[in-house]
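The data block below is entry11.tsv; it holds TSV, C-alpha atoms.
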```tsv
chain	number	residue	atom	x	y	z
A	173	MET	CA	26.10	-7.57	-15.76
A	174	GLN	CA	25.91	-5.63	-12.51
A	175	ASN	CA	22.69	-3.94	-13.67
A	176	LEU	CA	21.02	-7.23	-14.54
A	177	PRO	CA	19.16	-7.59	-11.20
A	178	LYS	CA	17.86	-4.01	-11.44
A	179	MET	CA	16.72	-4.60	-15.02
A	180	LEU	CA	15.05	-7.87	-14.04
A	181	ILE	CA	13.26	-6.15	-11.15
A	182	ALA	CA	12.07	-3.40	-13.49
A	183	ILE	CA	10.78	-5.93	-16.03
A	184	LEU	CA	9.00	-7.93	-13.33
A	185	ALA	CA	7.46	-4.75	-11.93
A	186	MET	CA	6.11	-3.83	-15.37
A	187	CYS	CA	4.61	-7.30	-15.81
A	188	PHE	CA	3.26	-7.26	-12.26
A	189	SER	CA	1.33	-4.07	-12.73
A	190	SER	CA	0.40	-4.04	-16.40
A	191	ALA	CA	-2.90	-5.93	-16.25
A	192	ILE	CA	-4.73	-3.90	-13.61
A	193	PHE	CA	-3.20	-0.63	-14.76
A	194	SER	CA	-4.83	-1.05	-18.15
A	195	ALA	CA	-8.14	-0.36	-16.41
A	196	GLY	CA	-6.85	2.93	-14.97
A	197	THR	CA	-9.17	3.18	-11.99
A	198	ALA	CA	-8.29	1.38	-8.78
A	199	PRO	CA	-10.82	-1.38	-8.07
A	200	ASP	CA	-13.17	-0.22	-5.32
A	201	PHE	CA	-13.80	-2.38	-2.28
A	202	GLU	CA	-15.53	-2.35	1.07
A	203	LEU	CA	-14.03	-4.41	3.88
A	204	GLU	CA	-14.45	-4.76	7.62
A	205	GLY	CA	-11.83	-2.66	9.34
A	206	LEU	CA	-10.44	-2.13	12.81
A	207	ASN	CA	-12.67	0.93	13.23
A	208	GLY	CA	-15.66	0.07	11.05
A	209	LYS	CA	-15.97	-0.32	7.30
A	210	VAL	CA	-13.12	0.68	4.98
A	211	LYS	CA	-14.26	1.65	1.48
A	212	LEU	CA	-11.70	2.88	-1.05
A	213	SER	CA	-14.10	5.24	-2.84
A	214	GLU	CA	-14.43	7.24	0.39
A	215	TYR	CA	-10.76	8.22	0.03
A	216	LYS	CA	-11.30	10.09	-3.24
A	217	GLY	CA	-9.43	13.36	-3.03
A	218	LYS	CA	-6.52	11.73	-1.19
A	219	VAL	CA	-3.37	10.02	-2.37
A	220	VAL	CA	-3.65	6.46	-1.06
A	221	TYR	CA	-0.90	3.96	-0.33
A	222	LEU	CA	-2.81	0.66	-0.45
A	223	ASP	CA	-0.72	-1.98	1.31
A	224	PHE	CA	-1.42	-5.73	1.44
A	225	TRP	CA	0.18	-7.52	4.40
A	226	ALA	CA	0.12	-10.59	6.64
A	227	SER	CA	1.42	-11.27	10.14
A	228	TRP	CA	3.88	-13.94	8.90
A	229	CYS	CA	5.53	-11.56	6.41
A	230	ALA	CA	8.88	-10.24	7.71
A	231	PRO	CA	9.08	-7.32	5.23
A	232	CYS	CA	5.52	-6.35	6.25
A	233	ARG	CA	6.68	-6.04	9.87
A	234	LYS	CA	9.56	-3.88	8.68
A	235	SER	CA	7.27	-1.61	6.63
A	236	PHE	CA	4.81	-0.67	9.40
A	237	PRO	CA	7.05	1.83	11.25
A	238	TRP	CA	7.71	3.57	7.92
A	239	LEU	CA	3.99	3.57	7.09
A	240	ASN	CA	3.25	5.09	10.52
A	241	ASP	CA	5.82	7.80	9.85
A	242	MET	CA	4.46	8.55	6.36
A	243	GLN	CA	0.87	8.73	7.65
A	244	THR	CA	1.95	11.18	10.37
A	245	ARG	CA	4.10	13.37	8.12
A	246	LEU	CA	1.85	13.53	5.06
A	247	LYS	CA	-1.71	13.26	6.38
A	248	LYS	CA	-2.22	17.03	6.25
A	249	LYS	CA	-1.17	17.02	2.59
A	250	GLY	CA	-3.94	14.54	1.76
A	251	PHE	CA	-2.11	11.22	2.13
A	252	SER	CA	-3.68	8.07	3.58
A	253	VAL	CA	-2.46	4.55	4.17
A	254	ILE	CA	-4.90	1.65	3.95
A	255	ALA	CA	-3.34	-1.66	4.99
A	256	ILE	CA	-5.29	-4.80	4.06
A	257	ASN	CA	-4.55	-7.89	6.11
A	258	LEU	CA	-4.72	-11.30	4.45
A	259	ASP	CA	-4.29	-13.59	7.48
A	260	ALA	CA	-6.73	-16.50	7.65
A	261	LYS	CA	-6.99	-16.07	11.44
A	262	ARG	CA	-7.90	-12.64	12.80
A	263	THR	CA	-6.03	-13.41	16.03
A	264	ASP	CA	-2.74	-13.48	14.08
A	265	ALA	CA	-3.47	-10.05	12.64
A	266	ASP	CA	-4.60	-8.67	16.02
A	267	LYS	CA	-1.33	-9.77	17.66
A	268	PHE	CA	0.72	-8.08	14.90
A	269	ILE	CA	-1.38	-4.90	15.23
A	270	SER	CA	-1.03	-4.79	19.03
A	271	GLU	CA	2.76	-5.04	18.68
A	272	LEU	CA	3.23	-2.48	15.88
A	273	LYS	CA	0.38	-0.06	16.73
A	274	PRO	CA	-0.47	1.32	13.27
A	275	ASN	CA	-1.84	4.86	13.07
A	276	PHE	CA	-3.50	4.23	9.70
A	277	ASP	CA	-6.58	2.36	8.52
A	278	ILE	CA	-6.52	-1.43	8.70
A	279	ALA	CA	-8.95	-3.65	6.78
A	280	PHE	CA	-9.33	-7.43	6.72
A	281	ASP	CA	-9.59	-9.63	3.62
A	282	PRO	CA	-9.11	-13.24	4.86
A	283	PRO	CA	-10.55	-14.86	1.71
A	284	GLY	CA	-8.28	-12.65	-0.45
A	285	ASP	CA	-11.08	-11.27	-2.65
A	286	VAL	CA	-9.63	-7.76	-2.82
A	287	ALA	CA	-6.11	-9.16	-3.23
A	288	ALA	CA	-7.41	-11.07	-6.27
A	289	MET	CA	-8.97	-7.89	-7.71
A	290	TYR	CA	-5.53	-6.27	-7.48
A	291	GLU	CA	-3.83	-9.37	-8.93
A	292	LEU	CA	-1.52	-9.66	-5.94
A	293	ARG	CA	1.73	-11.48	-6.74
A	294	GLY	CA	3.72	-11.26	-3.51
A	295	MET	CA	3.89	-9.93	0.03
A	296	PRO	CA	3.90	-7.17	0.83
A	297	SER	CA	2.45	-5.46	-2.22
A	298	ALA	CA	1.46	-1.82	-2.38
A	299	TYR	CA	-0.39	0.36	-4.85
A	300	LEU	CA	-0.24	4.13	-5.10
A	301	ILE	CA	-3.60	5.65	-6.03
A	302	ASP	CA	-3.99	9.31	-6.97
A	303	ARG	CA	-6.62	11.76	-5.71
A	304	ASN	CA	-8.93	10.82	-8.58
A	305	GLY	CA	-8.88	7.10	-7.75
A	306	LYS	CA	-6.51	6.20	-10.60
A	307	LEU	CA	-3.80	3.60	-10.14
A	308	HIS	CA	-0.41	5.26	-10.33
A	309	SER	CA	2.07	2.48	-9.54
A	310	ALA	CA	2.58	-0.90	-7.92
A	311	HIS	CA	5.39	-2.01	-5.62
A	312	MET	CA	6.19	-5.55	-4.58
A	313	GLY	CA	8.23	-6.20	-1.45
A	314	PHE	CA	9.66	-3.71	1.00
A	315	ARG	CA	13.36	-2.94	1.27
A	316	ASP	CA	15.11	-0.10	3.09
A	317	ASN	CA	16.81	0.87	-0.18
A	318	ASP	CA	13.37	1.49	-1.73
A	319	ILE	CA	12.30	4.07	0.89
A	320	PRO	CA	13.83	7.18	-0.74
A	321	LEU	CA	12.31	6.26	-4.11
A	322	LEU	CA	8.89	5.55	-2.56
A	323	GLU	CA	8.95	8.84	-0.66
A	324	ARG	CA	9.91	10.84	-3.75
A	325	GLU	CA	7.14	9.13	-5.72
A	326	ILE	CA	4.55	9.85	-3.00
A	327	GLU	CA	5.64	13.49	-2.65
A	328	ALA	CA	5.58	14.00	-6.42
A	329	LEU	CA	2.12	12.48	-6.63
A	330	LEU	CA	0.88	14.66	-3.75
A	331	ASN	CA	2.32	17.76	-5.45
A	332	ARG	CA	1.05	16.79	-8.90
A	333	SER	CA	-2.35	15.86	-7.58
A	334	LYS	CA	-2.81	19.32	-6.05
A	335	THR	CA	-2.96	20.82	-9.50
A	336	MET	CA	-5.30	18.10	-10.82
A	337	LYS	CA	-8.06	18.63	-8.25
```
Can you present the structure in this file as structure tokens?
Amino acid sequence: MQNLPKMLIAILAMCFSSAIFSAGTAPDFELEGLNGKVKLSEYKGKVVYLDFWASWCAPCRKSFPWLNDMQTRLKKKGFSVIAINLDAKRTDADKFISELKPNFDIAFDPPGDVAAMYELRGMPSAYLIDRNGKLHSAHMGFRDNDIPLLEREIEALLNRSKTMK
């Protein structure tokens, strides 16, 4: 019975990601960003951690320092973070950004159009996309216990992707 929560999480994760993963390719988008337009197709050749967040989301706040660290450590290996904000009011997002000072690309999707394309089910949600623009995995939520697994998955994808280029 102790493994029941882990099994339930695994089953939910499979259900969460099955529909969009059947397409294979990550849905492209172009959104207004902090520093101009952010277009997913311009990241081809990189491993992308696509993160959906909102200022009211406590786990999102917790994930940003880790995302900053990952962007710093793995950028030279071809890793990029794109964080898409879903706040209705830009001022809420701007306050969050000024407090946490992300060093990665931020885009804004207040109507949730891109979130709908990715069939978002919860906050935060993240998608790993390989160098060829293919969806690799989906992750819902952010917990400290998940960090080692996420890092191993990212590193493996970066290493695997080198040979696929």
Find the residues around region 234-250 of chain A up to 9 Å (only C-alpha atoms counted), leave out those fewer than 2 positions away in its own chain, and share them as a count of residues only.
-> 26
Go ahead and compute the interatomic distance for CA of Glu291 (chain A) and CA of Ile254 (chain A), in Å to one decimal.
-> 17.0 Å
Top pick for closest residue to Asp302 (chain A), considering A:Ala265, A:Ile278, A:Ile326, A:Leu258 and counting only C-alpha atoms = A:Ile326
Take CA of Ala198 (chain A) and CA of Thr263 (chain A) and report the distance between them in Å, one decimal.
-> 29.0 Å
Can you tell me, as a count of residues only, what residues are no more than 10 Å from Lys209 (chain A) when counting only C-alpha atoms, ignoring any on the same chain fewer than 4 positions away?
-> 8
Specify the axis-aligned box that encloses all atoms of region 302-308 of chain A listed in the file after padding of 8 Å on each side, stating its centre and edge lengths in Å to one decimal as lines of an AutoDock Vina configuration file.
```
center_x = -4.7
center_y = 7.7
center_z = -8.2
size_x = 24.5
size_y = 24.2
size_z = 20.9
```
Who sits within 9 Å of Ala260 (chain A), only C-alpha atoms, same chain under 6 positions skipped, as a PDB file with C-alpha atoms, keeping the file's coordinate frame:
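Output contents, as saved in selection23.pdb:
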```pdb
ATOM      1  CA  ASP A 281      -9.590  -9.630   3.620  1.00  0.00           C
ATOM      2  CA  PRO A 282      -9.110 -13.240   4.860  1.00  0.00           C
ATOM      3  CA  PRO A 283     -10.550 -14.860   1.710  1.00  0.00           C
TER       4      PRO A 283
END
```
Given the choices A:His311, A:Arg324, A:Arg332, A:Arg233, which gets closest to Leu292 (chain A) if the distance is worked out from all atoms listed in the file?
->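 Checking each of A:His311, A:Arg324, A:Arg332, A:Arg233 against Leu292 (chain A), counting all atoms listed in the file, the winner is A:His311.
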What does the distance between CA of Val210 (chain A) and CA of Gly313 (chain A) come to in Å, to one decimal place?
-> 23.3 Å
